[in-house]
$ cat data23.tsv   # TSV, C-alpha atoms and all ligand atoms
chain	number	residue	atom	x	y	z
A	1246	MET	CA	0.00	0.00	0.00
A	1247	PRO	CA	1.33	3.50	-0.73
A	1248	THR	CA	1.97	5.91	2.11
A	1249	TYR	CA	0.19	9.24	2.28
A	1250	THR	CA	0.95	12.37	4.25
A	1251	LEU	CA	-2.13	12.79	6.39
A	1252	MET	CA	-3.40	15.65	8.45
A	1253	ALA	CA	-5.89	15.53	11.30
A	1254	THR	CA	-7.33	19.00	11.79
A	1255	ALA	CA	-8.06	20.16	15.31
A	1256	ALA	CA	-9.76	23.12	16.94
A	1257	MET	CA	-7.34	25.62	18.46
A	1258	GLY	CA	-6.09	24.30	21.79
A	1259	LEU	CA	-6.90	20.65	21.03
A	1260	GLU	CA	-3.84	19.82	18.91
A	1261	ALA	CA	-2.09	17.97	21.75
A	1262	VAL	CA	-5.20	15.89	22.52
A	1263	VAL	CA	-5.61	14.94	18.85
A	1264	ALA	CA	-1.86	14.17	18.57
A	1265	ASN	CA	-2.18	11.86	21.54
A	1266	GLU	CA	-5.10	10.06	19.89
A	1267	VAL	CA	-3.11	9.69	16.64
A	1268	LYS	CA	-0.13	8.28	18.59
A	1269	ASN	CA	-2.40	5.85	20.42
A	1270	LEU	CA	-3.49	4.50	17.04
A	1271	GLY	CA	0.18	3.79	16.30
A	1272	TYR	CA	1.23	6.73	14.10
A	1273	GLU	CA	4.12	9.06	14.89
A	1274	CYS	CA	3.04	12.65	14.34
A	1275	GLN	CA	3.98	16.33	14.56
A	1276	THR	CA	1.68	19.21	15.43
A	1277	ASP	CA	1.64	22.60	13.81
A	1278	ASN	CA	-1.01	25.37	13.70
A	1279	GLY	CA	-4.13	23.35	14.39
A	1280	ARG	CA	-2.86	20.43	12.32
A	1281	VAL	CA	-1.51	17.06	13.33
A	1282	ILE	CA	0.62	15.60	10.54
A	1283	PHE	CA	1.50	11.94	10.13
A	1284	GLN	CA	2.22	9.27	7.54
A	1285	GLY	CA	-0.08	6.35	6.84
A	1286	ASP	CA	-1.62	4.10	4.24
A	1287	GLU	CA	-5.27	3.47	3.35
A	1288	SER	CA	-5.90	1.64	6.59
A	1289	ALA	CA	-4.62	4.70	8.51
A	1290	ILE	CA	-7.20	6.83	6.66
A	1291	ALA	CA	-10.01	4.46	7.63
A	1292	ARG	CA	-8.81	3.89	11.22
A	1293	CYS	CA	-8.25	7.58	11.94
A	1294	ASN	CA	-11.70	8.51	10.63
A	1295	MET	CA	-13.19	5.71	12.69
A	1296	TRP	CA	-11.30	6.44	15.93
A	1297	LEU	CA	-10.24	10.06	16.27
A	1298	ARG	CA	-12.56	11.47	18.93
A	1299	SER	CA	-11.35	15.07	19.08
A	1300	ALA	CA	-10.22	15.80	15.49
A	1301	ASP	CA	-12.42	17.72	13.04
A	1302	ARG	CA	-11.37	15.90	9.88
A	1303	VAL	CA	-8.73	13.69	8.31
A	1304	LYS	CA	-7.22	15.08	5.09
A	1305	ILE	CA	-4.59	13.92	2.62
A	1306	ILE	CA	-1.86	16.46	1.89
A	1307	VAL	CA	-1.34	16.17	-1.88
A	1308	GLY	CA	1.35	18.84	-2.00
A	1309	GLU	CA	2.84	21.90	-0.32
A	1310	PHE	CA	4.82	24.63	-2.06
A	1311	LYS	CA	5.58	28.33	-2.03
A	1312	ALA	CA	3.33	30.43	-4.29
A	1313	THR	CA	3.35	34.20	-4.60
A	1314	THR	CA	2.00	34.38	-8.17
A	1315	PHE	CA	-0.97	32.74	-9.87
A	1316	ASP	CA	1.44	31.18	-12.39
A	1317	GLN	CA	3.37	29.46	-9.59
A	1318	LEU	CA	0.13	28.25	-8.03
A	1319	PHE	CA	-1.08	26.90	-11.38
A	1320	GLU	CA	2.14	25.16	-12.40
A	1321	ALA	CA	2.89	23.61	-8.99
A	1322	THR	CA	-0.71	22.37	-8.68
A	1323	LYS	CA	-0.61	20.90	-12.18
A	1324	ALA	CA	2.67	19.10	-11.37
A	1325	LEU	CA	1.02	17.11	-8.53
A	1326	PRO	CA	-0.11	13.51	-9.24
A	1327	TRP	CA	-3.89	14.13	-9.01
A	1328	GLU	CA	-4.66	11.07	-11.14
A	1329	GLN	CA	-3.37	8.89	-8.29
A	1330	TYR	CA	-6.37	10.04	-6.23
A	1331	LEU	CA	-9.06	11.21	-8.64
A	1332	PRO	CA	-10.65	8.88	-11.21
A	1333	LYS	CA	-11.62	10.48	-14.50
A	1334	GLU	CA	-15.25	10.90	-13.45
A	1335	ALA	CA	-14.40	12.39	-10.01
A	1336	GLU	CA	-16.40	15.35	-8.75
A	1337	PHE	CA	-13.92	17.76	-7.19
A	1338	PRO	CA	-15.09	21.11	-5.83
A	1339	VAL	CA	-12.24	23.35	-4.65
A	1340	GLN	CA	-12.47	25.45	-1.52
A	1341	GLY	CA	-9.84	27.90	-0.35
A	1342	LYS	CA	-8.49	30.12	2.37
A	1343	SER	CA	-5.68	32.61	2.50
A	1344	VAL	CA	-3.96	34.02	5.58
A	1345	LYS	CA	-1.08	36.53	5.50
A	1346	SER	CA	-0.32	35.67	1.85
A	1347	THR	CA	0.40	37.60	-1.35
A	1348	LEU	CA	-2.32	35.63	-3.14
A	1349	PHE	CA	-5.24	36.87	-1.07
A	1350	SER	CA	-8.14	36.47	-3.50
A	1351	VAL	CA	-9.54	33.14	-2.41
A	1352	SER	CA	-11.96	32.85	-5.33
A	1353	ASP	CA	-9.11	33.37	-7.84
A	1354	CYS	CA	-6.93	30.78	-6.05
A	1355	GLN	CA	-9.80	28.27	-6.12
A	1356	ALA	CA	-10.41	28.86	-9.84
A	1357	ILE	CA	-6.71	28.47	-10.67
A	1358	VAL	CA	-6.34	25.27	-8.68
A	1359	LYS	CA	-9.47	23.87	-10.31
A	1360	LYS	CA	-8.16	24.75	-13.78
A	1361	ALA	CA	-4.73	23.20	-13.07
A	1362	ILE	CA	-6.27	19.92	-11.85
A	1363	VAL	CA	-8.64	19.82	-14.83
A	1364	GLU	CA	-5.70	20.22	-17.19
A	1365	ARG	CA	-3.68	17.55	-15.41
A	1366	LEU	CA	-6.55	15.03	-15.49
A	1367	ARG	CA	-7.48	15.76	-19.11
A	1368	ASN	CA	-3.86	15.09	-20.14
A	1369	LYS	CA	-3.50	11.96	-18.05
A	1370	TYR	CA	-6.89	10.49	-19.00
A	1371	ARG	CA	-6.63	11.73	-22.62
A	1372	ILE	CA	-9.97	13.52	-22.46
A	1373	GLN	CA	-10.64	16.20	-25.09
A	1374	THR	CA	-14.00	17.40	-23.76
A	1375	TRP	CA	-15.12	18.73	-20.37
A	1376	LEU	CA	-14.73	16.47	-17.37
A	1377	GLN	CA	-18.16	15.11	-16.50
A	1378	GLU	CA	-17.68	15.07	-12.69
A	1379	THR	CA	-20.46	12.52	-12.21
A	1380	GLY	CA	-18.44	10.20	-9.94
A	1381	PRO	CA	-17.30	10.05	-6.31
A	1382	LEU	CA	-16.67	13.26	-4.39
A	1383	PHE	CA	-13.15	14.57	-3.64
A	1384	LYS	CA	-13.33	17.86	-1.74
A	1385	ILE	CA	-10.14	19.76	-2.42
A	1386	GLU	CA	-8.83	22.68	-0.41
A	1387	VAL	CA	-6.15	25.18	-1.26
A	1388	SER	CA	-4.93	26.81	1.90
A	1389	LEU	CA	-2.40	29.63	1.77
A	1390	LEU	CA	-0.53	30.57	4.90
A	1391	LYS	CA	2.35	33.05	4.68
A	1392	ASP	CA	2.71	32.28	0.92
A	1393	LYS	CA	2.89	28.54	1.45
A	1394	ALA	CA	0.14	26.68	-0.41
A	1395	THR	CA	-1.14	23.39	1.00
A	1396	LEU	CA	-3.38	21.29	-1.23
A	1397	THR	CA	-5.50	18.71	0.54
A	1398	ILE	CA	-8.30	16.22	-0.12
A	1399	ASP	CA	-10.84	15.66	2.65
A	1400	THR	CA	-11.34	11.97	3.51
A	1401	SER	CA	-14.07	12.43	6.16
A	1402	GLY	CA	-17.08	14.02	4.44
A	1403	ALA	CA	-19.29	15.32	7.25
A	1404	GLY	CA	-17.06	16.61	10.08
A	1405	LEU	CA	-15.98	13.97	12.57
A	1406	HIS	CA	-18.19	15.55	15.27
A	1407	ARG	CA	-21.15	14.11	13.37
A	1408	ARG	CA	-21.25	10.78	15.18
A	1409	GLY	CA	-24.80	10.10	14.06
A	1410	TYR	CA	-26.44	9.98	17.49
A	1411	ARG	CA	-27.57	13.57	17.90
A	1412	ILE	CA	-31.21	13.54	16.89
A	1413	ALA	CA	-32.21	16.41	19.16
A	1414	GLN	CA	-30.41	19.30	20.82
A	1415	GLY	CA	-30.85	22.26	23.14
A	1416	GLY	CA	-29.74	25.87	22.92
A	1417	ALA	CA	-25.95	25.62	23.16
A	1418	PRO	CA	-24.82	22.06	22.51
A	1419	LEU	CA	-21.14	21.28	22.77
A	1420	LYS	CA	-19.43	19.82	19.71
A	1421	GLU	CA	-18.91	16.09	20.25
A	1422	THR	CA	-15.21	16.48	19.41
A	1423	LEU	CA	-14.74	19.11	22.13
A	1424	ALA	CA	-16.74	17.04	24.63
A	1425	ALA	CA	-14.47	14.05	23.95
A	1426	ALA	CA	-11.40	16.27	24.43
A	1427	LEU	CA	-12.72	17.66	27.74
A	1428	ILE	CA	-13.08	14.11	29.06
A	1429	GLN	CA	-9.65	13.07	27.84
A	1430	LEU	CA	-8.14	16.07	29.61
A	1431	THR	CA	-9.39	14.73	32.96
A	1432	ASN	CA	-8.05	11.97	35.16
A	1433	TRP	CA	-11.22	9.91	34.69
A	1434	HIS	CA	-10.89	6.18	34.46
A	1435	PRO	CA	-13.95	4.06	33.54
A	1436	ASP	CA	-14.05	2.46	37.00
A	1437	ARG	CA	-14.68	5.85	38.62
A	1438	PRO	CA	-18.03	7.69	38.80
A	1439	PHE	CA	-18.56	10.36	36.16
A	1440	VAL	CA	-21.06	13.23	36.41
A	1441	ASP	CA	-22.10	16.06	34.10
A	1442	PRO	CA	-24.41	18.33	36.13
A	1443	PHE	CA	-25.21	20.55	33.08
A	1444	CYS	CA	-25.79	17.75	30.60
A	1445	GLY	CA	-28.05	19.64	28.12
A	1446	SER	CA	-28.42	17.31	25.13
A	1447	GLY	CA	-26.15	14.75	26.79
A	1448	THR	CA	-23.00	15.20	24.70
A	1449	ILE	CA	-20.49	14.85	27.54
A	1450	PRO	CA	-22.04	11.76	29.21
A	1451	ILE	CA	-22.52	10.08	25.81
A	1452	GLU	CA	-18.89	10.73	24.83
A	1453	ALA	CA	-17.79	9.46	28.25
A	1454	ALA	CA	-19.71	6.23	27.71
A	1455	LEU	CA	-18.13	5.78	24.25
A	1456	ILE	CA	-14.67	6.33	25.77
A	1457	GLY	CA	-15.46	4.15	28.78
A	1458	GLN	CA	-16.36	1.15	26.64
A	1459	ASN	CA	-13.72	1.90	24.02
A	1460	ILE	CA	-16.37	2.27	21.30
A	1461	ALA	CA	-15.13	3.90	18.07
A	1462	PRO	CA	-16.91	7.27	17.65
A	1463	GLY	CA	-17.24	6.72	13.90
A	1464	PHE	CA	-18.70	3.26	14.15
A	1465	ASN	CA	-22.23	4.34	13.19
A	1466	ARG	CA	-21.56	6.68	10.30
A	1467	GLU	CA	-20.22	6.83	6.78
A	1468	PHE	CA	-17.19	8.66	5.37
A	1469	VAL	CA	-16.78	10.20	1.93
A	1470	SER	CA	-13.64	8.13	1.20
A	1471	GLU	CA	-15.67	4.93	1.45
A	1472	GLU	CA	-16.72	5.74	-2.14
A	1473	TRP	CA	-13.15	5.89	-3.45
A	1474	HIS	CA	-12.10	2.92	-5.57
A	1475	TRP	CA	-8.49	2.89	-4.33
A	1476	MET	CA	-9.48	2.76	-0.67
A	1477	GLY	CA	-10.90	-0.72	-1.12
A	1478	GLU	CA	-13.95	-2.08	0.65
A	1479	GLU	CA	-11.83	-4.43	2.78
A	1480	VAL	CA	-9.96	-1.48	4.29
A	1481	TRP	CA	-13.21	-0.16	5.76
A	1482	GLU	CA	-14.43	-3.63	6.58
A	1483	ASN	CA	-11.19	-4.26	8.52
A	1484	ALA	CA	-11.51	-0.97	10.38
A	1485	ARG	CA	-15.08	-1.85	11.42
A	1486	VAL	CA	-14.09	-5.39	12.44
A	1487	GLU	CA	-11.24	-3.97	14.52
A	1488	ALA	CA	-13.62	-1.49	16.17
A	1489	GLU	CA	-16.04	-4.30	17.03
A	1490	ASP	CA	-13.22	-6.51	18.34
A	1491	VAL	CA	-11.73	-3.97	20.71
A	1492	ALA	CA	-14.98	-2.47	22.04
A	1493	ASN	CA	-15.39	-3.44	25.67
A	1494	TYR	CA	-19.16	-3.73	26.05
A	1495	ASN	CA	-18.71	-5.48	29.40
A	1496	GLN	CA	-17.01	-2.53	31.06
A	1497	PRO	CA	-19.40	-1.39	33.82
A	1498	LEU	CA	-19.85	2.37	33.92
A	1499	ASP	CA	-21.24	4.80	36.48
A	1500	ILE	CA	-22.15	7.85	34.39
A	1501	THR	CA	-24.79	10.43	35.35
A	1502	GLY	CA	-26.05	13.44	33.44
A	1503	SER	CA	-28.34	15.97	35.07
A	1504	ASP	CA	-29.84	19.30	34.10
A	1505	ILE	CA	-32.16	21.80	35.74
A	1506	ASP	CA	-34.41	21.67	32.66
A	1507	HIS	CA	-36.45	18.47	32.40
A	1508	ARG	CA	-36.89	19.01	28.63
A	1509	MET	CA	-33.12	18.75	28.23
A	1510	VAL	CA	-33.14	15.53	30.24
A	1511	ASP	CA	-35.61	14.11	27.68
A	1512	VAL	CA	-33.42	15.28	24.80
A	1513	ALA	CA	-30.31	13.74	26.37
A	1514	GLN	CA	-32.14	10.45	26.93
A	1515	LYS	CA	-33.24	10.35	23.28
A	1516	ASN	CA	-29.69	10.97	22.06
A	1517	ALA	CA	-28.23	8.32	24.40
A	1518	PHE	CA	-30.84	5.88	23.14
A	1519	GLU	CA	-29.90	6.69	19.53
A	1520	ALA	CA	-26.24	6.06	20.41
A	1521	GLY	CA	-27.22	2.67	21.85
A	1522	LEU	CA	-25.97	3.77	25.28
A	1523	ALA	CA	-29.25	4.43	27.10
A	1524	ASP	CA	-28.63	1.65	29.63
A	1525	LEU	CA	-25.22	3.00	30.54
A	1526	ILE	CA	-26.11	6.55	31.53
A	1527	GLN	CA	-28.50	7.74	34.26
A	1528	PHE	CA	-30.16	11.03	33.39
A	1529	LYS	CA	-32.13	13.08	35.89
A	1530	GLN	CA	-33.55	16.53	36.43
A	1531	MET	CA	-31.55	18.37	39.11
A	1532	ASN	CA	-30.28	21.80	40.04
A	1533	VAL	CA	-26.49	21.66	40.47
A	1534	LYS	CA	-26.83	23.20	43.92
A	1535	ASP	CA	-28.59	20.01	45.05
A	1536	PHE	CA	-25.67	17.75	44.09
A	1537	SER	CA	-24.85	15.20	46.75
A	1538	THR	CA	-23.20	11.80	46.67
A	1539	SER	CA	-21.83	9.11	48.94
A	1540	LYS	CA	-19.44	7.91	46.23
A	1541	GLU	CA	-15.75	8.75	46.18
A	1542	TYR	CA	-13.07	9.57	43.63
A	1543	GLY	CA	-15.54	10.66	40.97
A	1544	VAL	CA	-15.04	13.13	38.16
A	1545	ILE	CA	-17.38	16.02	37.32
A	1546	VAL	CA	-17.18	17.59	33.87
A	1547	GLY	CA	-19.52	20.44	33.01
A	1548	ASN	CA	-20.25	23.06	30.41
A	1549	PRO	CA	-22.43	25.45	32.45
A	1550	PRO	CA	-24.09	28.58	31.06
A	1551	TYR	CA	-21.47	31.30	30.57
A	1552	GLY	CA	-23.66	34.36	31.21
A	1553	GLU	CA	-22.47	35.89	27.93
A	1554	ARG	CA	-25.52	38.13	27.76
A	1555	LEU	CA	-25.17	40.87	30.32
A	1556	GLY	CA	-28.65	40.31	31.77
A	1557	ASP	CA	-27.86	36.66	32.54
A	1558	ARG	CA	-24.68	37.39	34.48
A	1559	PRO	CA	-25.96	37.81	38.04
A	1560	GLU	CA	-28.00	34.61	37.81
A	1561	VAL	CA	-25.05	32.64	36.40
A	1562	GLU	CA	-22.67	34.07	39.02
A	1563	GLN	CA	-25.02	33.07	41.81
A	1564	MET	CA	-25.29	29.58	40.30
A	1565	TYR	CA	-21.45	29.27	40.17
A	1566	GLN	CA	-21.38	30.25	43.84
A	1567	GLU	CA	-24.02	27.68	44.79
A	1568	MET	CA	-22.18	25.03	42.77
A	1569	GLY	CA	-18.93	25.85	44.59
A	1570	GLN	CA	-20.71	25.40	47.93
A	1571	ALA	CA	-22.41	22.15	46.86
A	1572	LEU	CA	-19.14	20.60	45.64
A	1573	ALA	CA	-16.89	21.97	48.40
A	1574	GLY	CA	-17.06	18.95	50.68
A	1575	TYR	CA	-16.05	16.33	48.11
A	1576	ASP	CA	-12.27	16.41	48.26
A	1577	THR	CA	-11.82	13.05	46.53
A	1578	TRP	CA	-13.77	14.31	43.50
A	1579	SER	CA	-12.15	16.18	40.63
A	1580	VAL	CA	-14.13	19.00	39.03
A	1581	TYR	CA	-13.64	20.34	35.49
A	1582	MET	CA	-15.69	23.29	34.22
A	1583	LEU	CA	-15.58	24.99	30.82
A	1584	THR	CA	-16.70	28.61	30.78
A	1585	SER	CA	-15.87	31.94	29.21
A	1586	HIS	CA	-16.68	33.77	32.47
A	1587	GLU	CA	-13.37	35.21	33.63
A	1588	GLY	CA	-14.54	35.53	37.22
A	1589	PHE	CA	-15.45	31.85	37.51
A	1590	GLU	CA	-12.93	31.02	40.26
A	1591	GLN	CA	-14.02	34.00	42.34
A	1592	PHE	CA	-17.69	32.96	42.30
A	1593	TYR	CA	-16.96	29.23	42.58
A	1594	GLY	CA	-14.93	30.13	45.66
A	1595	LYS	CA	-11.68	28.34	44.87
A	1596	GLN	CA	-8.63	28.80	42.68
A	1597	ALA	CA	-8.30	26.12	40.00
A	1598	THR	CA	-5.42	23.64	40.20
A	1599	LYS	CA	-4.91	24.35	36.50
A	1600	LYS	CA	-6.56	26.34	33.70
A	1601	ARG	CA	-6.41	25.58	30.02
A	1602	LYS	CA	-7.40	27.96	27.23
A	1603	LEU	CA	-9.82	26.36	24.78
A	1604	PHE	CA	-12.22	27.57	22.11
A	1605	ASN	CA	-15.85	26.53	22.15
A	1606	GLY	CA	-16.58	27.45	18.53
A	1607	PHE	CA	-15.54	31.11	18.41
A	1608	ILE	CA	-15.93	31.66	22.14
A	1609	ARG	CA	-12.68	31.81	24.07
A	1610	THR	CA	-13.10	29.78	27.22
A	1611	ASP	CA	-11.03	28.41	30.07
A	1612	TYR	CA	-11.18	24.85	31.25
A	1613	TYR	CA	-11.01	25.18	35.06
A	1614	GLN	CA	-9.56	22.05	36.63
A	1615	TYR	CA	-9.84	21.19	40.32
A	1616	TRP	CA	-7.96	18.00	41.00
A	1617	GLY	CA	-9.27	15.78	43.77
A	1618	LYS	CA	-7.27	13.41	45.94
A	1619	ARG	CA	-5.81	10.43	44.13
A	1620	PRO	CA	-7.51	7.09	44.73
A	1621	PRO	CA	-5.41	4.76	46.95
A	1622	ARG	CA	-3.32	2.26	44.99
A	1623	GLN	CA	-4.97	-1.11	44.75
A	1624	LYS	CA	-3.02	-3.99	46.27
A	1625	ASP	CA	-2.19	-6.84	43.86
A	1701	LIG	C1	-24.33	25.22	27.76
A	1701	LIG	S1	-25.65	24.17	28.17
A	1701	LIG	C2	-24.92	22.57	28.19
A	1701	LIG	C3	-24.88	21.96	26.83
A	1701	LIG	C4	-24.46	20.52	26.82
A	1701	LIG	N1	-23.06	20.35	27.17
A	1701	LIG	C5	-24.75	19.91	25.44
A	1701	LIG	O1	-23.82	19.46	24.76
A	1701	LIG	O2	-25.90	19.93	25.01
A	1701	LIG	C6	-25.91	24.48	29.86
A	1701	LIG	C7	-27.01	23.68	30.49
A	1701	LIG	O3	-27.03	23.97	31.90
A	1701	LIG	C8	-28.36	23.89	32.36
A	1701	LIG	N2	-28.45	24.64	33.63
A	1701	LIG	C9	-28.56	25.97	33.83
A	1701	LIG	N3	-28.57	26.25	35.14
A	1701	LIG	C10	-28.48	25.07	35.82
A	1701	LIG	C11	-28.45	24.69	37.18
A	1701	LIG	N4	-28.52	25.61	38.15
A	1701	LIG	N5	-28.32	23.39	37.49
A	1701	LIG	C12	-28.24	22.45	36.51
A	1701	LIG	N6	-28.30	22.75	35.19
A	1701	LIG	C13	-28.41	24.04	34.84
A	1701	LIG	C14	-29.18	24.46	31.20
A	1701	LIG	O4	-30.52	23.98	31.25
A	1701	LIG	C15	-28.41	23.98	29.97
A	1701	LIG	O5	-28.97	22.79	29.44
$ encode --input "data23.tsv" --output "structure tokens" --more "lines below"
Ligand SMILES: C[S@@+](CC[C@H](N)C(=O)[O-])C[C@H]1O[C@@H](n2cnc3c(N)ncnc32)[C@H](O)[C@@H]1O
Amino acid sequence: MPTYTLMATAAMGLEAVVANEVKNLGYECQTDNGRVIFQGDESAIARCNMWLRSADRVKIIVGEFKATTFDQLFEATKALPWEQYLPKEAEFPVQGKSVKSTLFSVSDCQAIVKKAIVERLRNKYRIQTWLQETGPLFKIEVSLLKDKATLTIDTSGAGLHRRGYRIAQGGAPLKETLAAALIQLTNWHPDRPFVDPFCGSGTIPIEAALIGQNIAPGFNREFVSEEWHWMGEEVWENARVEAEDVANYNQPLDITGSDIDHRMVDVAQKNAFEAGLADLIQFKQMNVKDFSTSKEYGVIVGNPPYGERLGDRPEVEQMYQEMGQALAGYDTWSVYMLTSHEGFEQFYGKQATKKRKLFNGFIRTDYYQYWGKRPPRQKD
């Protein structure tokens, strides 16, 4: 099998989490500007799409070169071996972006790249007429950053956050990829209790259950590269067989999601059911200030309201304060909260052990981490 240069794209701040996931799948990688770069064959494309929990997409880097003129962009694009990826009937829309580059007109860059690939394919496939583009989809991107052009083909199709289980949602759902990253940034282990007291549509508890039973997040969806002749059906078949083999459906889990709004509890239950995880997660209606437990060494991960609208602030601040009081006595529990409210620690009543800057979409947030006591070591 040939080797491709692959790129897993990640939201700002999540590169290290995605890199860790790529390494865990067995691929050495480097990170750079929201991208995790690694080498792999067709099975790497299938496995990474199937398994990466926190990445946005998996792309093939077809070529990278310096381009400050349209001629350079055209010639260097045309010199790349597009026929190795695209069959003669391929449909290939070209998208673009340009940051800090001489070639700043994105629409012109897209048109030039399209023209160069058309010319290359017409030569290679000896086609005199227009390309029909009636075949499988290859979404191409030309991305210019400081005059360096990177040409990629998307292998995922719908973004990897589309796991296929979200049939309903509330006002401000968290992206599944970010939820998975938040969990992986904690010290949670599947034998410890896990709670999301602001569960909304259930994204965090559902992602925790998938992680807890080692279920591949892409198991229930399709990917655009499944339609590509050179990927081979057995590559995908093998990736699905592997996912089934390593899933640990016998792992007991203690995962709870609660929300003050009973309608959100219904929504979360529906989504968990769709994910096939309804039996693994307890959902209930509860105000965070009423949290109480007799369990120990649990992990709480929450995405509370941020109070972004000025009018909501006092209410949110009071809620943070009540949460801080409700959770104060549980020193074996670790608490992780994602919010854009800069005064969170003040209202919660405690300085975080650690803070991490993350973006929830375009909102700059901090992930406040309060580490609880470590569980005692188990004797052999
Ligand atoms: C930003 S949303 C959470 C979204 C969720 N992570 C998802 O992916 O759908 C915040 C949630 O907190 C809930 N909430 C607000 N105040 C609360 C309180 N005092 N106790 C518990 N839940 C509360 C809201 O009903 C809302 O569903």
$ residues_around --input "data23.tsv" --residues "stretch 1347-1361 of chain A" --least-positions-apart "5" --cutoff "7 Å" --atoms "all atoms listed in the file" --output "PyMOL selection string"
chain A and resi 1313-1314+1319+1322-1323+1339-1342+1387+1392
$ closest_residue --input "data23.tsv" --among "A:Gly1380, A:Gly1588, A:Pro1418, A:Gly1606" --to "A:Asp1301" --atoms "only C-alpha atoms"
A:Gly1606
$ residues_around --input "data23.tsv" --residues "A:Leu1376" --least-positions-apart "5" --cutoff "12 Å" --atoms "only C-alpha atoms" --output "mmCIF file with C-alpha atoms, in the frame of the given file"
data_model
loop_
_atom_site.group_PDB
_atom_site.id
_atom_site.type_symbol
_atom_site.label_atom_id
_atom_site.label_comp_id
_atom_site.auth_asym_id
_atom_site.auth_seq_id
_atom_site.Cartn_x
_atom_site.Cartn_y
_atom_site.Cartn_z
ATOM 1 C CA LEU A 1331 -9.060 11.210 -8.640
ATOM 2 C CA PRO A 1332 -10.650 8.880 -11.210
ATOM 3 C CA LYS A 1333 -11.620 10.480 -14.500
ATOM 4 C CA GLU A 1334 -15.250 10.900 -13.450
ATOM 5 C CA ALA A 1335 -14.400 12.390 -10.010
ATOM 6 C CA GLU A 1336 -16.400 15.350 -8.750
ATOM 7 C CA PHE A 1337 -13.920 17.760 -7.190
ATOM 8 C CA LYS A 1359 -9.470 23.870 -10.310
ATOM 9 C CA LYS A 1360 -8.160 24.750 -13.780
ATOM 10 C CA ILE A 1362 -6.270 19.920 -11.850
ATOM 11 C CA VAL A 1363 -8.640 19.820 -14.830
ATOM 12 C CA GLU A 1364 -5.700 20.220 -17.190
ATOM 13 C CA ARG A 1365 -3.680 17.550 -15.410
ATOM 14 C CA LEU A 1366 -6.550 15.030 -15.490
ATOM 15 C CA ARG A 1367 -7.480 15.760 -19.110
ATOM 16 C CA ASN A 1368 -3.860 15.090 -20.140
ATOM 17 C CA TYR A 1370 -6.890 10.490 -19.000
ATOM 18 C CA ARG A 1371 -6.630 11.730 -22.620
#
$ residues_near_ligand --input "data23.tsv" --ligand "ligand LIG 1701 (chain A)" --cutoff "8 Å" --atoms "only C-alpha atoms and all ligand atoms" --output "ChimeraX atom specification"
/A:1414-1421,1424,1442-1449,1503-1506,1509,1513,1530-1534,1547-1551,1561,1564,1568
$ write_last_selection --input "data23.tsv" --atoms "C-alpha atoms" --output "PDB file, in the frame of the given file"
ATOM      1  CA  GLN A1414     -30.410  19.300  20.820  1.00  0.00           C
ATOM      2  CA  GLY A1415     -30.850  22.260  23.140  1.00  0.00           C
ATOM      3  CA  GLY A1416     -29.740  25.870  22.920  1.00  0.00           C
ATOM      4  CA  ALA A1417     -25.950  25.620  23.160  1.00  0.00           C
ATOM      5  CA  PRO A1418     -24.820  22.060  22.510  1.00  0.00           C
ATOM      6  CA  LEU A1419     -21.140  21.280  22.770  1.00  0.00           C
ATOM      7  CA  LYS A1420     -19.430  19.820  19.710  1.00  0.00           C
ATOM      8  CA  GLU A1421     -18.910  16.090  20.250  1.00  0.00           C
ATOM      9  CA  ALA A1424     -16.740  17.040  24.630  1.00  0.00           C
ATOM     10  CA  PRO A1442     -24.410  18.330  36.130  1.00  0.00           C
ATOM     11  CA  PHE A1443     -25.210  20.550  33.080  1.00  0.00           C
ATOM     12  CA  CYS A1444     -25.790  17.750  30.600  1.00  0.00           C
ATOM     13  CA  GLY A1445     -28.050  19.640  28.120  1.00  0.00           C
ATOM     14  CA  SER A1446     -28.420  17.310  25.130  1.00  0.00           C
ATOM     15  CA  GLY A1447     -26.150  14.750  26.790  1.00  0.00           C
ATOM     16  CA  THR A1448     -23.000  15.200  24.700  1.00  0.00           C
ATOM     17  CA  ILE A1449     -20.490  14.850  27.540  1.00  0.00           C
ATOM     18  CA  SER A1503     -28.340  15.970  35.070  1.00  0.00           C
ATOM     19  CA  ASP A1504     -29.840  19.300  34.100  1.00  0.00           C
ATOM     20  CA  ILE A1505     -32.160  21.800  35.740  1.00  0.00           C
ATOM     21  CA  ASP A1506     -34.410  21.670  32.660  1.00  0.00           C
ATOM     22  CA  MET A1509     -33.120  18.750  28.230  1.00  0.00           C
ATOM     23  CA  ALA A1513     -30.310  13.740  26.370  1.00  0.00           C
ATOM     24  CA  GLN A1530     -33.550  16.530  36.430  1.00  0.00           C
ATOM     25  CA  MET A1531     -31.550  18.370  39.110  1.00  0.00           C
ATOM     26  CA  ASN A1532     -30.280  21.800  40.040  1.00  0.00           C
ATOM     27  CA  VAL A1533     -26.490  21.660  40.470  1.00  0.00           C
ATOM     28  CA  LYS A1534     -26.830  23.200  43.920  1.00  0.00           C
ATOM     29  CA  GLY A1547     -19.520  20.440  33.010  1.00  0.00           C
ATOM     30  CA  ASN A1548     -20.250  23.060  30.410  1.00  0.00           C
ATOM     31  CA  PRO A1549     -22.430  25.450  32.450  1.00  0.00           C
ATOM     32  CA  PRO A1550     -24.090  28.580  31.060  1.00  0.00           C
ATOM     33  CA  TYR A1551     -21.470  31.300  30.570  1.00  0.00           C
ATOM     34  CA  VAL A1561     -25.050  32.640  36.400  1.00  0.00           C
ATOM     35  CA  MET A1564     -25.290  29.580  40.300  1.00  0.00           C
ATOM     36  CA  MET A1568     -22.180  25.030  42.770  1.00  0.00           C
TER      37      MET A1568
END
